[in-house]
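A quick write-up on the structure given underneath.
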Amino acid sequence: MAIYPVILCGGAGTRLWPASRPARPKQFIDLVSDVSLFQETVRRVAPLADGGRIVVVAGEAHRGFIEAQLAALGVEGDLVLETLGRDSAPAMAAAALWIEQVDPNGTAVFVASDHYIPDADAFRAAAGKAVTAAAHGRIVTMGMTPTTPSSAYGYIQPETTGLSRVRRFVEKPGQADAERYLAEGYLWNSGNFVVPVRVLLDEMERFVPDVVAAVRAAVPVQGSGTQLLGAAFATAPKISIDYAVMEKSDKVWVIPAAFEWSDLGAWDAVAATGRGARGLWIAEASDGCLVRAAPGMAVATAGISNLAIIAELDAVLVCDLNSAQAVKGLVEELGRRNRTGQIRAEAEAATLADRSGDFIRWLKLSALPLWSRLGVGADGGFAEALDDDGAMVGDFRRARVQARQAYVFSLASQWGWGEGYAPLVERSLARFEATNLRSDGLYRTRVTAGGQVLDDTASLYDQAFVLLAMATAAAAGIAPERQRRAAARLVASLESLRLPQGGWREDGSHPFQANAHMHLLEAALAWEALEPDGPWATIADTIVALARACFIDEAGGFLREFFAEDWRPAGGEAGRLVEPGHQFEWAWLLTRWGRLRRDPWAEAAARQLYVCGERGLDAVRGVAVDELNDRLAPRSTRARLWPQTEWLKAALILAETADGEGRDRLLNGAGQALRGLGLYLAPNGLWRDKLDCDSRLDGDPAPASSLYHIMAAGRQARETLAVLK
């Protein structure tokens, strides 16, 4: 008899606001350990999968959390996704029907994804006893031995001690009843059930046949991995398993369990674990408090006691721990205000006007002055990075960094942000020409700070950025004729990289790739604005045609990174790589190209790419991760800075022509992207590049290459805000 642990991922955790939200419920948060409650549950139940597999039932909106967090643990499981939450009975029916397809004799161990059970061995021992008892055709629930007369839990009245039939289930009682239940030997209802799937389905057919019929019509043919329930699931009655079966069936038994357990329903329960504090808290004469500070925030207290202080980036809760249950009412009031548009209007204003303004001022007053002063050598060459003390890092210079920094300061000059930026660009491009120009008209990859050649290869990626730098300098009036001559020479030299099958060859281990073409498209559009009759429109159209035919997956609408020589997806994992940041970046570029050509396909494709990019958003950290696979499931939990800027650019440009709910969603996405980007930026004009799965930033020097992405995001913010005024 194989065992199938089934993890039910329902519940919104509203009493744990503001850390827990509908888009980021408590099971996916690191409430009491260095991993989420869901991951703790996976670790706890995985050893029970004797001959079976882990099955997870969850809402479609939380797919990304689950796939990423399973991958981080190196655990595989089947994911059954609900299109609409219908409570626990339909969810359990879906899991049972899913298991029945491959193993009609299988036994399911149903567990909640958000419970606190620190002794995993004790839990598995109790579950093993429940499995043995369930083999006799029973539905066995694990009843927790109460430690206090709590009114926060439901109760079970057993007929006798030990393994026993259940006499009745009771809802969460008042304090007086809770005290009586404790004295009379009642158990807490843990919501964990062990039952052969055939027994559960028979009892559900008996008591709630309409639930089984709807779910049976929705369950897809068995497969592994992730499966979406069909539309019929939404027609299932919304009902809990207690009401549907447990309170009616004569096959329900309870087995007492004594391990430490909590459903962590509110902040007082989290505080009771002693493991819920997070972030920077400075305290003076503050006793018995639970304080959680989001990354980048600090909480200071003096002379307080018994408080929960939960400081998220966009909301703060302060409550007496004895009033923790009242948080649900506060959330309901926030919801009422949100429905009137009050909160949303205020949030959008803060996101797009205030946050964008703050971001642009940071660029103008902190980042650019710092990098123009400390990030440039005496000869005009740009540094690769700056450390926390503002010292240059790196004894080499890459072509892409020199070109990107020239782009940045050309824009700053064009916007009138500083009189010294134009001479800086002119001097840096002259130095770059002297050290990096090859005899064939292409630019070498890397030289020393003194100009000696370190890497003489010429990558398509670098040539694209050189063209972009020249176009931006010319648009800013920085030696425009010199930029035009240099660009004409470079575009002629690019013919040596042209491929007969279309596109251009890149240097290195991936000669057939989308990324280098993306930046060549960006450069071509920049030059087309200056020279409409030049070769630039043809280059841009060629790249878009290649993207449409080859780069963008016809069925999924997402964009791949690496290809074989015939422009089919590359073999192995390289061909399956999907980068959320590049979905957003291509969406931004295709929108620009489509508006120039009046081509409706481009913006439709851009919107689909944006949706695909959203699959890489981690709502817990509020950031876009680095990598997905071609099922659009996360394959990396790391989140670098640059995808946040591309998310912001795409959301902003697409919002310009959207309306109604679509526009609201994009503007909300832009606000989220700004908040995510803000995690990386330091007030002094530096930044961090990488954010790990625990929201820890790396301590590496700030890479100069990020400033291109940051500046481009600032440029789009300026343009979109002007359109939306």
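Ordering of the structure tokens sets the chain letters (A, B, ...); residue numbers start at 1 within each chain; ligands are numbered from 1 in the order shown.
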Quick one: residues within 8 Å of segment 498-515 of chain A, only C-alpha atoms counted, chain neighbours fewer than 2 positions away excluded, as a list of chain:residue names? A:Thr457, A:Ala458, A:Ser459, A:Leu460, A:Tyr461, A:Leu494, A:Glu495, A:Ser496, A:His517, A:Met518, A:His519, A:Thr542, A:Ile543, A:Leu546, A:Ala547, A:Phe551, A:Arg560, A:Glu561, A:Phe562, A:Phe563, A:Ala564, A:Glu565, A:Asp566, A:Trp567, A:His582
Set the distance at 7 Å and use only C-alpha atoms: which residues neighbour segment 701-713 of chain A once local chain neighbours fewer than 6 positions away are removed? I'd like the list as a tab-separated table (two decimals) with all heavy atoms, in the first residue's frame.
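Writing done, so here's selection-v7.tsv:
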```
chain	number	residue	atom	x	y	z
A	383	ALA	N	35.55	52.78	-14.80
A	383	ALA	CA	35.87	51.66	-13.92
A	383	ALA	C	34.85	50.55	-14.09
A	383	ALA	O	33.69	50.78	-14.43
A	383	ALA	CB	35.88	52.13	-12.46
A	384	GLU	N	35.27	49.32	-13.81
A	384	GLU	CA	34.37	48.17	-13.85
A	384	GLU	C	33.42	48.15	-12.68
A	384	GLU	O	32.29	47.68	-12.79
A	384	GLU	CB	35.19	46.87	-13.86
A	384	GLU	CG	35.76	46.52	-15.20
A	384	GLU	CD	34.69	46.01	-16.16
A	384	GLU	OE1	33.81	45.24	-15.74
A	384	GLU	OE2	34.75	46.40	-17.34
A	385	ALA	N	33.86	48.62	-11.51
A	385	ALA	CA	33.04	48.55	-10.30
A	385	ALA	C	33.59	49.53	-9.27
A	385	ALA	O	34.74	49.98	-9.37
A	385	ALA	CB	33.03	47.13	-9.73
A	386	LEU	N	32.75	49.84	-8.28
A	386	LEU	CA	33.17	50.63	-7.13
A	386	LEU	C	32.84	49.86	-5.86
A	386	LEU	O	31.75	49.28	-5.75
A	386	LEU	CB	32.45	51.98	-7.10
A	386	LEU	CG	32.78	52.99	-8.20
A	386	LEU	CD1	31.93	54.25	-8.02
A	386	LEU	CD2	34.25	53.34	-8.21
A	387	ASP	N	33.78	49.87	-4.91
A	387	ASP	CA	33.48	49.21	-3.64
A	387	ASP	C	32.73	50.16	-2.72
A	387	ASP	O	32.40	51.30	-3.09
A	387	ASP	CB	34.76	48.67	-2.99
A	387	ASP	CG	35.73	49.75	-2.53
A	387	ASP	OD1	35.33	50.93	-2.42
A	387	ASP	OD2	36.90	49.41	-2.27
A	388	ASP	N	32.46	49.72	-1.51
A	388	ASP	CA	31.64	50.51	-0.59
A	388	ASP	C	32.29	51.83	-0.20
A	388	ASP	O	31.60	52.75	0.27
A	388	ASP	CB	31.32	49.69	0.66
A	388	ASP	CG	30.32	48.58	0.38
A	388	ASP	OD1	29.71	48.59	-0.71
A	388	ASP	OD2	30.14	47.70	1.25
A	401	VAL	N	31.18	47.80	-20.85
A	401	VAL	CA	31.09	48.76	-19.76
A	401	VAL	C	31.42	50.16	-20.25
A	401	VAL	O	30.74	51.14	-19.91
A	401	VAL	CB	32.00	48.36	-18.59
A	401	VAL	CG1	32.13	49.48	-17.57
A	401	VAL	CG2	31.47	47.09	-17.93
A	404	ARG	N	28.37	51.26	-22.29
A	404	ARG	CA	27.18	51.49	-21.46
A	404	ARG	C	27.31	52.80	-20.66
A	404	ARG	O	26.34	53.55	-20.53
A	404	ARG	CB	26.98	50.31	-20.51
A	404	ARG	CG	26.40	49.07	-21.17
A	404	ARG	CD	26.20	47.97	-20.15
A	404	ARG	NE	25.42	46.87	-20.69
A	404	ARG	CZ	24.85	45.93	-19.97
A	404	ARG	NH1	24.98	45.94	-18.64
A	404	ARG	NH2	24.15	44.96	-20.52
A	405	GLN	N	28.50	53.04	-20.09
A	405	GLN	CA	28.66	54.26	-19.32
A	405	GLN	C	28.59	55.51	-20.21
A	405	GLN	O	28.06	56.54	-19.80
A	405	GLN	CB	29.98	54.24	-18.55
A	405	GLN	CG	30.08	53.14	-17.47
A	405	GLN	CD	29.09	53.33	-16.36
A	405	GLN	OE1	27.90	53.07	-16.53
A	405	GLN	NE2	29.57	53.76	-15.20
A	408	VAL	N	24.96	56.18	-20.63
A	408	VAL	CA	24.38	56.76	-19.42
A	408	VAL	C	24.65	58.26	-19.35
A	408	VAL	O	23.73	59.08	-19.16
A	408	VAL	CB	24.93	56.05	-18.17
A	408	VAL	CG1	24.66	56.85	-16.91
A	408	VAL	CG2	24.35	54.65	-18.06
A	642	TRP	N	19.20	43.71	-12.56
A	642	TRP	CA	18.76	44.15	-13.88
A	642	TRP	C	17.36	43.67	-14.29
A	642	TRP	O	16.64	44.42	-14.97
A	642	TRP	CB	19.79	43.81	-14.96
A	642	TRP	CG	19.91	42.36	-15.31
A	642	TRP	CD1	20.77	41.45	-14.81
A	642	TRP	CD2	19.12	41.65	-16.29
A	642	TRP	NE1	20.57	40.22	-15.38
A	642	TRP	CE2	19.56	40.32	-16.30
A	642	TRP	CE3	18.07	42.02	-17.14
A	642	TRP	CZ2	19.00	39.35	-17.12
A	642	TRP	CZ3	17.51	41.05	-17.97
A	642	TRP	CH2	17.98	39.74	-17.96
A	645	THR	N	14.71	46.30	-13.43
A	645	THR	CA	14.59	47.48	-14.30
A	645	THR	C	13.82	47.14	-15.57
A	645	THR	O	13.05	47.97	-16.07
A	645	THR	CB	15.97	48.03	-14.67
A	645	THR	OG1	16.69	47.05	-15.44
A	645	THR	CG2	16.79	48.38	-13.43
A	648	LEU	N	10.14	46.97	-14.82
A	648	LEU	CA	9.61	48.33	-14.71
A	648	LEU	C	9.39	48.95	-16.09
A	648	LEU	O	8.33	49.53	-16.37
A	648	LEU	CB	10.58	49.18	-13.88
A	648	LEU	CG	10.26	50.67	-13.76
A	648	LEU	CD1	8.89	50.89	-13.14
A	648	LEU	CD2	11.36	51.37	-12.95
A	649	LYS	N	10.39	48.84	-16.97
A	649	LYS	CA	10.27	49.43	-18.31
A	649	LYS	C	9.09	48.85	-19.09
A	649	LYS	O	8.32	49.59	-19.72
A	649	LYS	CB	11.57	49.20	-19.09
A	649	LYS	CG	12.73	50.06	-18.62
A	649	LYS	CD	14.08	49.49	-19.05
A	649	LYS	CE	14.20	49.24	-20.52
A	649	LYS	NZ	15.51	48.65	-20.88
A	686	LEU	N	25.37	53.93	-4.82
A	686	LEU	CA	25.85	52.58	-5.14
A	686	LEU	C	24.67	51.61	-5.13
A	686	LEU	O	23.53	51.99	-4.90
A	686	LEU	CB	26.93	52.15	-4.15
A	686	LEU	CG	28.22	52.98	-4.16
A	686	LEU	CD1	29.15	52.55	-3.03
A	686	LEU	CD2	28.94	52.85	-5.51
A	687	TRP	N	24.96	50.34	-5.35
A	687	TRP	CA	23.90	49.32	-5.36
A	687	TRP	C	24.52	47.95	-5.13
A	687	TRP	O	25.74	47.76	-5.18
A	687	TRP	CB	23.16	49.31	-6.70
A	687	TRP	CG	24.07	49.32	-7.90
A	687	TRP	CD1	24.73	48.28	-8.46
A	687	TRP	CD2	24.43	50.49	-8.66
A	687	TRP	NE1	25.49	48.70	-9.53
A	687	TRP	CE2	25.31	50.05	-9.68
A	687	TRP	CE3	24.08	51.84	-8.60
A	687	TRP	CZ2	25.85	50.93	-10.60
A	687	TRP	CZ3	24.60	52.71	-9.52
A	687	TRP	CH2	25.48	52.25	-10.52
A	688	ARG	N	23.65	47.00	-4.85
A	688	ARG	CA	24.02	45.59	-4.83
A	688	ARG	C	23.45	44.93	-6.08
A	688	ARG	O	22.47	45.40	-6.64
A	688	ARG	CB	23.48	44.90	-3.58
A	688	ARG	CG	24.00	45.47	-2.27
A	688	ARG	CD	25.49	45.35	-2.14
A	688	ARG	NE	25.96	45.77	-0.83
A	688	ARG	CZ	27.22	46.03	-0.53
A	688	ARG	NH1	28.17	45.92	-1.47
A	688	ARG	NH2	27.58	46.38	0.68
A	689	ASP	N	24.07	43.84	-6.47
A	689	ASP	CA	23.66	43.21	-7.73
A	689	ASP	C	22.78	41.98	-7.54
A	689	ASP	O	21.95	41.69	-8.38
A	689	ASP	CB	24.91	42.82	-8.52
A	689	ASP	CG	24.57	42.17	-9.85
A	689	ASP	OD1	23.77	42.76	-10.60
A	689	ASP	OD2	25.07	41.06	-10.13
```
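Using only C-alpha atoms for every distance, the candidate list A:Glu67, A:Asp694, A:Glu284, A:Asp30 yields A:Asp30 as the residue closest to Val270 of chain A.
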* Option closest in space to Leu654 of chain A, from A:Met144, A:Leu674, A:Leu370, A:Ala604 [counting only C-alpha atoms] ->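 Using only C-alpha atoms, Leu654 of chain A sits closest to A:Ala604.
Here the question is which of A:Val291, A:Leu681, A:Val166, A:Leu81 gets nearest to Leu187 of chain A using only C-alpha atoms, and that residue is A:Val166.
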If you run DSSP over the backbone, which residues in segment 488-612 of chain A end up helix (DSSP H, G or I)? Put them as a PyMOL selection string.
-> chain A and resi 488-497+515-530+536-551+572-576+580-597+600-612
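Using only C-alpha atoms, the contacts of Ile29 of chain A at a cut-off of 10 Å, with sequence neighbours closer than 6 positions omitted, comprise Ala19, Ser20, Val35, Ser36, Leu37, Phe38, Gln39, Phe65, Asp114, Ala619, Val620, Arg621 and Asp694 of chain A.
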Could you turn the residues from that selection into a file that holds all heavy atoms, as an mmCIF file, in the first residue's frame?
```cif
data_model
loop_
_atom_site.group_PDB
_atom_site.id
_atom_site.type_symbol
_atom_site.label_atom_id
_atom_site.label_comp_id
_atom_site.auth_asym_id
_atom_site.auth_seq_id
_atom_site.Cartn_x
_atom_site.Cartn_y
_atom_site.Cartn_z
ATOM 1 N N ALA A 19 2.638 40.608 6.656
ATOM 2 C CA ALA A 19 3.592 39.690 6.028
ATOM 3 C C ALA A 19 2.876 38.740 5.081
ATOM 4 O O ALA A 19 3.372 38.419 4.004
ATOM 5 C CB ALA A 19 4.346 38.914 7.104
ATOM 6 N N SER A 20 1.692 38.276 5.500
ATOM 7 C CA SER A 20 0.906 37.363 4.679
ATOM 8 C C SER A 20 -0.126 38.163 3.891
ATOM 9 O O SER A 20 -0.868 38.959 4.459
ATOM 10 C CB SER A 20 0.214 36.330 5.580
ATOM 11 O OG SER A 20 -0.606 35.467 4.825
ATOM 12 N N VAL A 35 13.577 28.645 6.093
ATOM 13 C CA VAL A 35 12.800 28.294 4.904
ATOM 14 C C VAL A 35 11.330 28.551 5.211
ATOM 15 O O VAL A 35 10.950 28.834 6.339
ATOM 16 C CB VAL A 35 13.015 26.825 4.478
ATOM 17 C CG1 VAL A 35 14.456 26.586 4.078
ATOM 18 C CG2 VAL A 35 12.598 25.865 5.582
ATOM 19 N N SER A 36 10.500 28.443 4.194
ATOM 20 C CA SER A 36 9.078 28.735 4.378
ATOM 21 C C SER A 36 8.380 27.592 5.108
ATOM 22 O O SER A 36 8.893 26.467 5.213
ATOM 23 C CB SER A 36 8.407 28.955 3.025
ATOM 24 O OG SER A 36 8.286 27.730 2.320
ATOM 25 N N LEU A 37 7.162 27.864 5.593
ATOM 26 C CA LEU A 37 6.358 26.815 6.218
ATOM 27 C C LEU A 37 6.074 25.692 5.225
ATOM 28 O O LEU A 37 6.064 24.513 5.591
ATOM 29 C CB LEU A 37 5.045 27.397 6.735
ATOM 30 C CG LEU A 37 5.139 28.389 7.894
ATOM 31 C CD1 LEU A 37 3.763 28.969 8.193
ATOM 32 C CD2 LEU A 37 5.713 27.721 9.133
ATOM 33 N N PHE A 38 5.820 26.047 3.974
ATOM 34 C CA PHE A 38 5.601 25.024 2.950
ATOM 35 C C PHE A 38 6.823 24.125 2.817
ATOM 36 O O PHE A 38 6.699 22.891 2.749
ATOM 37 C CB PHE A 38 5.283 25.695 1.613
ATOM 38 C CG PHE A 38 5.274 24.756 0.442
ATOM 39 C CD1 PHE A 38 4.245 23.857 0.262
ATOM 40 C CD2 PHE A 38 6.316 24.760 -0.485
ATOM 41 C CE1 PHE A 38 4.235 22.972 -0.814
ATOM 42 C CE2 PHE A 38 6.320 23.898 -1.558
ATOM 43 C CZ PHE A 38 5.276 23.000 -1.727
ATOM 44 N N GLN A 39 8.006 24.722 2.771
ATOM 45 C CA GLN A 39 9.216 23.915 2.646
ATOM 46 C C GLN A 39 9.449 23.058 3.888
ATOM 47 O O GLN A 39 9.907 21.918 3.782
ATOM 48 C CB GLN A 39 10.417 24.824 2.372
ATOM 49 C CG GLN A 39 10.407 25.427 0.974
ATOM 50 C CD GLN A 39 11.498 26.457 0.780
ATOM 51 O OE1 GLN A 39 11.590 27.422 1.541
ATOM 52 N NE2 GLN A 39 12.313 26.268 -0.238
ATOM 53 N N PHE A 65 5.600 30.055 -6.596
ATOM 54 C CA PHE A 65 6.153 29.811 -5.262
ATOM 55 C C PHE A 65 6.486 28.338 -5.089
ATOM 56 O O PHE A 65 7.577 27.961 -4.647
ATOM 57 C CB PHE A 65 5.132 30.193 -4.181
ATOM 58 C CG PHE A 65 4.949 31.655 -3.975
ATOM 59 C CD1 PHE A 65 3.690 32.210 -4.070
ATOM 60 C CD2 PHE A 65 6.004 32.484 -3.676
ATOM 61 C CE1 PHE A 65 3.490 33.558 -3.871
ATOM 62 C CE2 PHE A 65 5.821 33.833 -3.477
ATOM 63 C CZ PHE A 65 4.558 34.371 -3.578
ATOM 64 N N ASP A 114 0.895 24.962 6.189
ATOM 65 C CA ASP A 114 1.307 26.119 6.976
ATOM 66 C C ASP A 114 1.348 25.859 8.478
ATOM 67 O O ASP A 114 1.229 26.794 9.268
ATOM 68 C CB ASP A 114 0.382 27.306 6.681
ATOM 69 C CG ASP A 114 -1.088 26.977 6.936
ATOM 70 O OD1 ASP A 114 -1.401 25.839 7.329
ATOM 71 O OD2 ASP A 114 -1.935 27.882 6.745
ATOM 72 N N ALA A 619 6.686 36.762 -5.270
ATOM 73 C CA ALA A 619 5.889 37.726 -4.511
ATOM 74 C C ALA A 619 6.384 37.879 -3.081
ATOM 75 O O ALA A 619 6.123 38.897 -2.448
ATOM 76 C CB ALA A 619 4.422 37.305 -4.508
ATOM 77 N N VAL A 620 7.082 36.885 -2.561
ATOM 78 C CA VAL A 620 7.593 37.003 -1.188
ATOM 79 C C VAL A 620 8.626 38.110 -1.111
ATOM 80 O O VAL A 620 8.579 38.976 -0.232
ATOM 81 C CB VAL A 620 8.188 35.669 -0.709
ATOM 82 C CG1 VAL A 620 8.867 35.846 0.643
ATOM 83 C CG2 VAL A 620 7.094 34.611 -0.602
ATOM 84 N N ARG A 621 9.575 38.108 -2.036
ATOM 85 C CA ARG A 621 10.610 39.140 -2.042
ATOM 86 C C ARG A 621 10.219 40.350 -2.873
ATOM 87 O O ARG A 621 10.832 41.404 -2.760
ATOM 88 C CB ARG A 621 11.920 38.559 -2.561
ATOM 89 C CG ARG A 621 12.559 37.526 -1.647
ATOM 90 C CD ARG A 621 13.778 36.894 -2.293
ATOM 91 N NE ARG A 621 13.408 36.045 -3.416
ATOM 92 C CZ ARG A 621 14.269 35.515 -4.277
ATOM 93 N NH1 ARG A 621 15.559 35.769 -4.150
ATOM 94 N NH2 ARG A 621 13.863 34.736 -5.253
ATOM 95 N N ASP A 694 16.759 34.172 0.582
ATOM 96 C CA ASP A 694 16.424 34.632 1.930
ATOM 97 C C ASP A 694 16.447 36.146 2.041
ATOM 98 O O ASP A 694 16.535 36.698 3.129
ATOM 99 C CB ASP A 694 17.396 34.036 2.949
ATOM 100 C CG ASP A 694 17.288 32.524 3.034
ATOM 101 O OD1 ASP A 694 16.148 32.022 2.948
ATOM 102 O OD2 ASP A 694 18.315 31.851 3.165
#
```
- Query: as a VMD selection string, which residues of segment 186-354 of chain A does DSSP assign to strand (DSSP E)?
  - Reply: chain A and resid 187 to 196 226 to 228 252 to 257 280 to 287 290 to 293 298 to 305 307 to 311 316 to 320
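The spacing separating atom CA of Gly678 of chain A from atom CA of Ala311 of chain A amounts to 16.1 Å.
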Checklist entry - If you count only C-alpha atoms, which residues fall within 10 Å of Val111 of chain A, apart from same-chain ones fewer than 3 positions away, as a ChimeraX atom specification? => result /A:5-9,41-42,45,56,108,114-115,190-194
Nearby residues (only C-alpha atoms) at most 10 Å from Ala587 of chain A, same-chain spacing under 4 positions excluded, as an mmCIF file with N, CA, C and O atoms, in the first residue's frame:
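As written to disk, part_26.cif reads:
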```cif
data_model
loop_
_atom_site.group_PDB
_atom_site.id
_atom_site.type_symbol
_atom_site.label_atom_id
_atom_site.label_comp_id
_atom_site.auth_asym_id
_atom_site.auth_seq_id
_atom_site.Cartn_x
_atom_site.Cartn_y
_atom_site.Cartn_z
ATOM 1 N N LEU A 559 10.089 33.719 -24.831
ATOM 2 C CA LEU A 559 11.299 33.851 -25.637
ATOM 3 C C LEU A 559 12.427 33.018 -25.042
ATOM 4 O O LEU A 559 12.723 33.120 -23.848
ATOM 5 N N GLY A 581 13.786 38.480 -17.083
ATOM 6 C CA GLY A 581 14.244 39.818 -17.427
ATOM 7 C C GLY A 581 14.232 40.066 -18.912
ATOM 8 O O GLY A 581 13.897 41.175 -19.372
ATOM 9 N N HIS A 582 14.578 39.059 -19.705
ATOM 10 C CA HIS A 582 14.584 39.228 -21.154
ATOM 11 C C HIS A 582 13.178 39.179 -21.749
ATOM 12 O O HIS A 582 12.943 39.760 -22.819
ATOM 13 N N GLN A 583 12.228 38.488 -21.085
ATOM 14 C CA GLN A 583 10.840 38.577 -21.547
ATOM 15 C C GLN A 583 10.380 40.031 -21.462
ATOM 16 O O GLN A 583 9.752 40.565 -22.381
ATOM 17 N N THR A 591 7.404 46.628 -28.302
ATOM 18 C CA THR A 591 6.390 47.687 -28.240
ATOM 19 C C THR A 591 6.876 48.930 -28.981
ATOM 20 O O THR A 591 6.124 49.551 -29.755
ATOM 21 N N ARG A 592 8.129 49.299 -28.773
ATOM 22 C CA ARG A 592 8.679 50.466 -29.466
ATOM 23 C C ARG A 592 8.705 50.240 -30.971
ATOM 24 O O ARG A 592 8.318 51.117 -31.759
ATOM 25 N N TRP A 593 9.170 49.065 -31.391
ATOM 26 C CA TRP A 593 9.234 48.768 -32.823
ATOM 27 C C TRP A 593 7.828 48.744 -33.424
ATOM 28 O O TRP A 593 7.590 49.296 -34.507
ATOM 29 N N ALA A 602 3.168 43.175 -32.862
ATOM 30 C CA ALA A 602 4.274 43.446 -31.943
ATOM 31 C C ALA A 602 3.781 43.700 -30.525
ATOM 32 O O ALA A 602 4.308 43.142 -29.567
ATOM 33 N N GLU A 603 2.763 44.549 -30.382
ATOM 34 C CA GLU A 603 2.307 44.837 -29.021
ATOM 35 C C GLU A 603 1.586 43.640 -28.424
ATOM 36 O O GLU A 603 1.689 43.389 -27.224
ATOM 37 N N ALA A 604 0.864 42.864 -29.232
ATOM 38 C CA ALA A 604 0.235 41.645 -28.717
ATOM 39 C C ALA A 604 1.298 40.670 -28.224
ATOM 40 O O ALA A 604 1.162 40.062 -27.154
ATOM 41 N N ALA A 605 2.368 40.521 -29.015
ATOM 42 C CA ALA A 605 3.462 39.642 -28.599
ATOM 43 C C ALA A 605 4.134 40.175 -27.348
ATOM 44 O O ALA A 605 4.519 39.404 -26.447
ATOM 45 N N ALA A 606 4.278 41.508 -27.267
ATOM 46 C CA ALA A 606 4.899 42.121 -26.093
ATOM 47 C C ALA A 606 4.082 41.855 -24.841
ATOM 48 O O ALA A 606 4.630 41.564 -23.768
ATOM 49 N N ARG A 607 2.767 41.955 -24.956
ATOM 50 C CA ARG A 607 1.921 41.715 -23.780
ATOM 51 C C ARG A 607 2.006 40.252 -23.332
ATOM 52 O O ARG A 607 1.996 39.960 -22.136
ATOM 53 N N GLN A 608 2.096 39.343 -24.289
ATOM 54 C CA GLN A 608 2.251 37.937 -23.929
ATOM 55 C C GLN A 608 3.616 37.685 -23.292
ATOM 56 O O GLN A 608 3.731 36.932 -22.315
ATOM 57 N N LEU A 609 4.655 38.314 -23.816
ATOM 58 C CA LEU A 609 5.973 38.189 -23.199
ATOM 59 C C LEU A 609 5.956 38.719 -21.769
ATOM 60 O O LEU A 609 6.581 38.150 -20.874
ATOM 61 N N TYR A 610 5.241 39.819 -21.556
ATOM 62 C CA TYR A 610 5.139 40.378 -20.204
ATOM 63 C C TYR A 610 4.488 39.369 -19.263
ATOM 64 O O TYR A 610 4.952 39.161 -18.137
ATOM 65 N N VAL A 611 3.408 38.735 -19.719
ATOM 66 C CA VAL A 611 2.733 37.724 -18.897
ATOM 67 C C VAL A 611 3.689 36.581 -18.582
ATOM 68 O O VAL A 611 3.728 36.080 -17.443
ATOM 69 N N GLY A 613 6.943 36.802 -18.464
ATOM 70 C CA GLY A 613 7.906 37.325 -17.502
ATOM 71 C C GLY A 613 7.371 37.332 -16.091
ATOM 72 O O GLY A 613 8.104 37.097 -15.121
ATOM 73 N N GLU A 646 13.996 45.941 -16.085
ATOM 74 C CA GLU A 646 13.300 45.556 -17.318
ATOM 75 C C GLU A 646 11.819 45.325 -17.048
ATOM 76 O O GLU A 646 10.971 45.626 -17.900
ATOM 77 N N TRP A 647 11.499 44.771 -15.888
ATOM 78 C CA TRP A 647 10.104 44.633 -15.468
ATOM 79 C C TRP A 647 9.444 46.018 -15.420
ATOM 80 O O TRP A 647 8.346 46.227 -15.938
ATOM 81 N N LYS A 649 10.385 48.836 -16.974
ATOM 82 C CA LYS A 649 10.266 49.432 -18.307
ATOM 83 C C LYS A 649 9.088 48.847 -19.086
ATOM 84 O O LYS A 649 8.317 49.586 -19.717
ATOM 85 N N ALA A 650 8.947 47.525 -19.035
ATOM 86 C CA ALA A 650 7.877 46.876 -19.795
ATOM 87 C C ALA A 650 6.508 47.256 -19.246
ATOM 88 O O ALA A 650 5.580 47.550 -20.008
ATOM 89 N N ALA A 651 6.366 47.257 -17.922
ATOM 90 C CA ALA A 651 5.077 47.615 -17.324
ATOM 91 C C ALA A 651 4.690 49.044 -17.686
ATOM 92 O O ALA A 651 3.528 49.327 -18.016
ATOM 93 N N ILE A 653 5.747 51.018 -20.310
ATOM 94 C CA ILE A 653 5.462 51.301 -21.719
ATOM 95 C C ILE A 653 4.153 50.650 -22.157
ATOM 96 O O ILE A 653 3.384 51.225 -22.939
ATOM 97 N N LEU A 654 3.853 49.451 -21.631
ATOM 98 C CA LEU A 654 2.598 48.798 -21.993
ATOM 99 C C LEU A 654 1.396 49.491 -21.367
ATOM 100 O O LEU A 654 0.299 49.490 -21.938
#
```
Quiz item: Counting only C-alpha atoms, what is within 10 Å of segment 251-257 of chain A, bar same-chain residues fewer than 2 positions away, as an NGL selection string?
Solution: :A and (122-123 or 125-127 or 129-130 or 133-134 or 136-146 or 156-168 or 186-190 or 193-195 or 199-200 or 203 or 245-249 or 259-261)
**Request:** Record the distance separating atom CA of Ala469 of chain A and atom CA of Ala367 of chain A, expressed in Å with one decimal.
**Result:**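 Atom CA of Ala367 of chain A lies at a distance of 19.0 Å from atom CA of Ala469 of chain A.
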Students should find that atom CA of Arg63 of chain A and atom CA of Arg696 of chain A are spaced 23.2 Å
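The nearest approach to Leu632 of chain A among the residues A:Thr226, A:Gln101, A:Ser413, A:Thr14, with only C-alpha atoms taken into account, belongs to A:Thr226.
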(request) Would you list the contacts of segment 442-448 of chain A as an MDAnalysis selection string, taking every protein, DNA or RNA residue within 7 Å and counting only C-alpha atoms, but skipping same-chain residues closer than 3 positions in sequence? (result) chainID A and resid 395:399 436:438 451:459 463 490 493
Shortest contact to Gln414 of chain A, candidates A:Thr637, A:Thr472, A:Ser428, A:Gln402, atoms counted only C-alpha atoms, goes to A:Thr472
